[in-house]
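These notes are about the structure you will find just below.
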2 protein chains.
Amino acid sequence: MTLALDTAAQDLLFREARTANTFTDEPVSDEQVQAIYDLVKFAPTAFNQQPLRVILVRSTEGRERLVKHLADGNKAKTATAPLVAILAADNEFHEELPRLFPHFPAAKDVFFSERPTREGSAALNAALQAGYFIIGVRAAGLAAGPMTGFDAEGLNKEFFADGEHSVVAVVNIGKPGDEAWFPRSPRLEYDEVVTTV
Amino acid sequence: MTLALDTAAQDLLFREARTANTFTDEPVSDEQVQAIYDLVKFAPTAFNQQPLRVILVRSTEGRERLVKHLADGNKAKTATAPLVAILAADNEFHEELPRLFPHFPAAKDVFFSERPTREGSAALNAALQAGYFIIGVRAAGLAAGPMTGFDAEGLNKEFFADGEHSVVAVVNIGKPGDEAWFPRSPRLEYDEVVTTV
C-alpha cells in the first residue's frame, strides 16, 4: 500500500473511469454539478487565481449553438449527452485577485497588468482546473467525455460576447451508455516519462 | 451523499490537502513516485497524447541548476524540499502517437504536423496531466507545492537540451513541515463560476 488513497477511490477516479462516448438518458442535476464544484474548487491554482469558468448547456437552443462549432466526430455524442459543460479561462481573472489573494492584493497589478501574461497564466491554470473538474465528475460517479475538437474562436464568440474568455475543453457528462468506450489505449511506461537528475 | 467518492478520500485529495511551503526531512522514494504515476497515467488526454514528462531532482547539482531559475520567493523552500519534480510538455509527443493512439495512427500527421499546433496541444494536455499529478501526490499521502514562479526559458534550456520541451510547473513534494501553509484563501462561489444556457 504505497498510496494513502483507498483502492475503491483509486478505481473510481483513475483505473476504472473511462472517457465515455455514449450515455444513458439519466439526467445530471445542478446539485451534482454543485457538489463537484464544491469539491474541486479547493485544488490549487497560481496566486489562487481560479480562472476556470463553466457554462452548463441545458437548453435545446444552447445545445445547437454549441454543437455547430464542434468537430464532426464530436457532434452526435454531444447532441445527446445528458449534460455538457463548456470549460473556459477568464482572461480577466486578475480583477478578482485582491479578494482571492488577500495577503498580496497588489499581485493584480504587479504580475498581471499585461494581457499576454494574463492569457498565458489563465490558460495554464484553467487547464489545471479542467483536470481537477474531470476528476470531480468521476468523484460524483459519473463519466466525463472531455473534448478539444472544436472551433475555439467560434465557441469563444458564441458563448462569451465580452471577448475575455478562451474555451479550453468541452465535457460531456452522464452515466455511460452502451459500448461507451473503446478498449483502453496504451499508457507510456514510467521510465519513458520520468527521469532523475 | 451526492458524491460517490468517500468522504475520507474527498478530504485527502481536496478538502484537507493544502499547498505546502515547508516540509519535514522524510524522504520521498522512487517507489512512491512510481505509484503516483501508475495511478494518474490513466487519466485522459486528447488523442491519448500524454505529453507530460517529469524530471525528479535528487542530486545536489540538479537542485542548484533548478533553484537558480526560480523566483526568489520559491528558492528556499525548493532548496530544502525532500523531492522536487519538474513537469514539462514534450512538444514532440506526436512521435509516439502511432503507438499511443493505435485506432487512428495517422493522427500524428493529420493533426500534428505543424509545430505551433503541437505546442498548443502539448501545453493544454500537459497542464491537465499536471493537475492529475498534483492529485496523485495527495493520493500518496504527501503534500504538493506546485509553483509557476520561474524563468521558463532558462529552465527549458537548463534541463532540456533538445529544445523540444516546455516546463509547465515545478512541484515540491514531501510531508508538510512546521507552519507549512497560510490560512486558506477564499474560493469563488458556485454562482460566480457556473452559468447555464
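Following the order of the C-alpha cells, chains are lettered A, B, ..., residues in each are numbered from 1, and ligands are numbered from 1.
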Inset, instruction - Up to 7 Å from chain B, what residues of chain A turn up? Count only C-alpha atoms and give them as a PyMOL selection string. - result: chain A and resi 2-5+9+14-15+19+32+34-35+37+39-44+46+53-59+62+100-101+124+127-132+139-141+148+185-187+190+193-197
Keeping only N, CA and C atoms, write the selected residues to a file as a compact mmCIF listing (two decimals), in the first residue's frame.
# COMPACT_ATOMS: atom_id res chain seq x y z
N THR A 2 1.44 1.56 -1.15
CA THR A 2 2.26 2.77 -1.26
C THR A 2 1.40 4.02 -1.25
N LEU A 3 0.16 3.91 -1.71
CA LEU A 3 -0.73 5.07 -1.75
C LEU A 3 -1.60 5.13 -0.50
N ALA A 4 -1.92 6.35 -0.07
CA ALA A 4 -2.82 6.53 1.06
C ALA A 4 -4.29 6.44 0.63
N LEU A 5 -4.56 6.74 -0.61
CA LEU A 5 -5.93 6.70 -1.13
C LEU A 5 -6.40 5.25 -1.21
N ALA A 9 -11.40 4.15 -4.25
CA ALA A 9 -11.31 5.53 -4.75
C ALA A 9 -10.33 5.60 -5.93
N PHE A 14 -9.54 6.78 -11.37
CA PHE A 14 -8.48 6.60 -12.37
C PHE A 14 -8.54 5.27 -13.11
N ARG A 15 -8.62 4.16 -12.39
CA ARG A 15 -8.41 2.86 -13.05
C ARG A 15 -9.62 2.38 -13.81
N THR A 19 -13.14 7.61 -20.50
CA THR A 19 -13.76 8.67 -21.31
C THR A 19 -14.94 8.06 -22.06
N GLN A 32 -25.71 17.89 -8.45
CA GLN A 32 -24.49 17.10 -8.68
C GLN A 32 -23.34 17.99 -9.14
N GLN A 34 -22.98 21.13 -8.54
CA GLN A 34 -22.54 21.96 -7.40
C GLN A 34 -21.65 21.15 -6.44
N ALA A 35 -22.01 19.89 -6.22
CA ALA A 35 -21.18 19.05 -5.35
C ALA A 35 -19.79 18.83 -5.95
N TYR A 37 -18.27 20.95 -8.04
CA TYR A 37 -17.54 22.22 -7.92
C TYR A 37 -17.07 22.45 -6.48
N LEU A 39 -16.22 20.47 -4.34
CA LEU A 39 -15.08 19.63 -4.00
C LEU A 39 -13.81 20.14 -4.69
N VAL A 40 -13.88 20.30 -6.00
CA VAL A 40 -12.64 20.57 -6.75
C VAL A 40 -12.19 22.03 -6.65
N LYS A 41 -13.06 22.90 -6.16
CA LYS A 41 -12.66 24.30 -6.04
C LYS A 41 -11.46 24.48 -5.09
N PHE A 42 -11.23 23.48 -4.23
CA PHE A 42 -10.14 23.61 -3.26
C PHE A 42 -8.77 23.29 -3.85
N ALA A 43 -8.73 22.68 -5.02
CA ALA A 43 -7.43 22.32 -5.60
C ALA A 43 -6.69 23.59 -6.03
N PRO A 44 -5.37 23.53 -6.05
CA PRO A 44 -4.59 24.78 -6.15
C PRO A 44 -4.47 25.37 -7.55
N ALA A 46 -2.24 29.00 -9.32
CA ALA A 46 -1.22 30.02 -9.05
C ALA A 46 -1.89 31.30 -8.59
N ARG A 53 -14.06 29.08 -15.76
CA ARG A 53 -15.49 29.39 -15.78
C ARG A 53 -16.19 28.27 -16.53
N VAL A 54 -17.42 27.96 -16.12
CA VAL A 54 -18.14 26.80 -16.66
C VAL A 54 -19.51 27.25 -17.15
N ILE A 55 -19.83 26.87 -18.38
CA ILE A 55 -21.20 27.03 -18.87
C ILE A 55 -21.82 25.65 -19.01
N LEU A 56 -22.92 25.45 -18.29
CA LEU A 56 -23.69 24.21 -18.44
C LEU A 56 -24.70 24.41 -19.56
N VAL A 57 -24.67 23.51 -20.52
CA VAL A 57 -25.57 23.63 -21.67
C VAL A 57 -26.77 22.71 -21.43
N ARG A 58 -27.92 23.33 -21.17
CA ARG A 58 -29.12 22.54 -20.85
C ARG A 58 -30.25 22.76 -21.87
N SER A 59 -30.34 23.95 -22.44
CA SER A 59 -31.45 24.23 -23.35
C SER A 59 -31.20 23.65 -24.74
N GLY A 62 -29.22 26.20 -26.63
CA GLY A 62 -27.81 26.20 -26.23
C GLY A 62 -27.05 25.04 -26.84
N LEU A 100 -9.23 37.24 -3.85
CA LEU A 100 -8.84 35.83 -3.83
C LEU A 100 -7.45 35.61 -3.25
N PHE A 101 -6.61 36.65 -3.29
CA PHE A 101 -5.22 36.52 -2.85
C PHE A 101 -4.94 37.65 -1.87
N LEU A 124 -2.97 28.13 -18.54
CA LEU A 124 -2.35 27.06 -17.75
C LEU A 124 -3.23 26.68 -16.57
N ALA A 127 -6.52 25.02 -17.40
CA ALA A 127 -6.30 23.62 -17.79
C ALA A 127 -6.07 22.74 -16.56
N LEU A 128 -5.28 23.24 -15.60
CA LEU A 128 -5.15 22.53 -14.33
C LEU A 128 -6.52 22.27 -13.73
N GLN A 129 -7.35 23.33 -13.69
CA GLN A 129 -8.68 23.19 -13.10
C GLN A 129 -9.58 22.27 -13.93
N ALA A 130 -9.38 22.24 -15.24
CA ALA A 130 -10.13 21.29 -16.06
C ALA A 130 -9.78 19.86 -15.67
N GLY A 131 -8.49 19.62 -15.39
CA GLY A 131 -8.08 18.31 -14.89
C GLY A 131 -8.77 17.98 -13.58
N TYR A 132 -8.80 18.94 -12.65
CA TYR A 132 -9.50 18.70 -11.39
C TYR A 132 -10.99 18.44 -11.63
N ALA A 139 -15.62 11.62 -9.39
CA ALA A 139 -15.91 11.51 -7.95
C ALA A 139 -17.40 11.49 -7.69
N ALA A 140 -18.19 12.05 -8.62
CA ALA A 140 -19.65 12.03 -8.49
C ALA A 140 -20.25 10.74 -9.05
N GLY A 141 -19.40 9.81 -9.45
CA GLY A 141 -19.91 8.56 -10.00
C GLY A 141 -20.40 8.70 -11.43
N THR A 148 -11.47 18.31 -27.16
CA THR A 148 -10.84 19.55 -27.60
C THR A 148 -11.02 19.75 -29.10
N SER A 185 -6.40 2.53 -24.60
CA SER A 185 -5.15 2.63 -25.36
C SER A 185 -3.96 2.63 -24.41
N PRO A 186 -2.78 2.31 -24.92
CA PRO A 186 -1.62 2.15 -24.04
C PRO A 186 -1.18 3.45 -23.37
N ARG A 187 -0.63 3.29 -22.19
CA ARG A 187 -0.02 4.41 -21.49
C ARG A 187 1.49 4.29 -21.57
N TYR A 190 6.59 4.23 -17.02
CA TYR A 190 7.22 5.14 -16.07
C TYR A 190 8.58 5.64 -16.57
N VAL A 193 8.65 8.42 -19.10
CA VAL A 193 8.12 9.72 -18.67
C VAL A 193 9.01 10.38 -17.62
N VAL A 194 9.53 9.57 -16.71
CA VAL A 194 10.21 10.10 -15.53
C VAL A 194 11.71 9.84 -15.62
N THR A 195 12.49 10.90 -15.48
CA THR A 195 13.94 10.76 -15.38
C THR A 195 14.40 11.45 -14.10
N THR A 196 15.62 11.18 -13.68
CA THR A 196 16.13 11.73 -12.43
C THR A 196 17.47 12.41 -12.69
N VAL A 197 17.63 13.59 -12.12
CA VAL A 197 18.94 14.26 -12.19
C VAL A 197 19.45 14.47 -10.78
Inset, instruction - One decimal, Å: what's the distance from CA of Glu92 (chain B) over to CA of Asp109 (chain B), could you say? - result: 12.0 Å
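The environment of Pro176 (chain A) within 8 Å, counting only C-alpha atoms and disregarding residues fewer than 2 places along the same chain, consists of Ala20, Asn21, Thr22, Phe23, Thr24, Leu142, Ala143, Gly174, Asp178 and Ala180 of chain A.
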Inset, instruction - Can you check which residues of region 27-187 of chain B DSSP gives as strand (DSSP E) on the backbone and send them as a PyMOL selection string? - result: chain B and resi 52-57+83-90+143-147+165-174
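The spacing separating CA of Glu119 (chain A) from CA of Glu119 (chain B) amounts to 15.6 Å.
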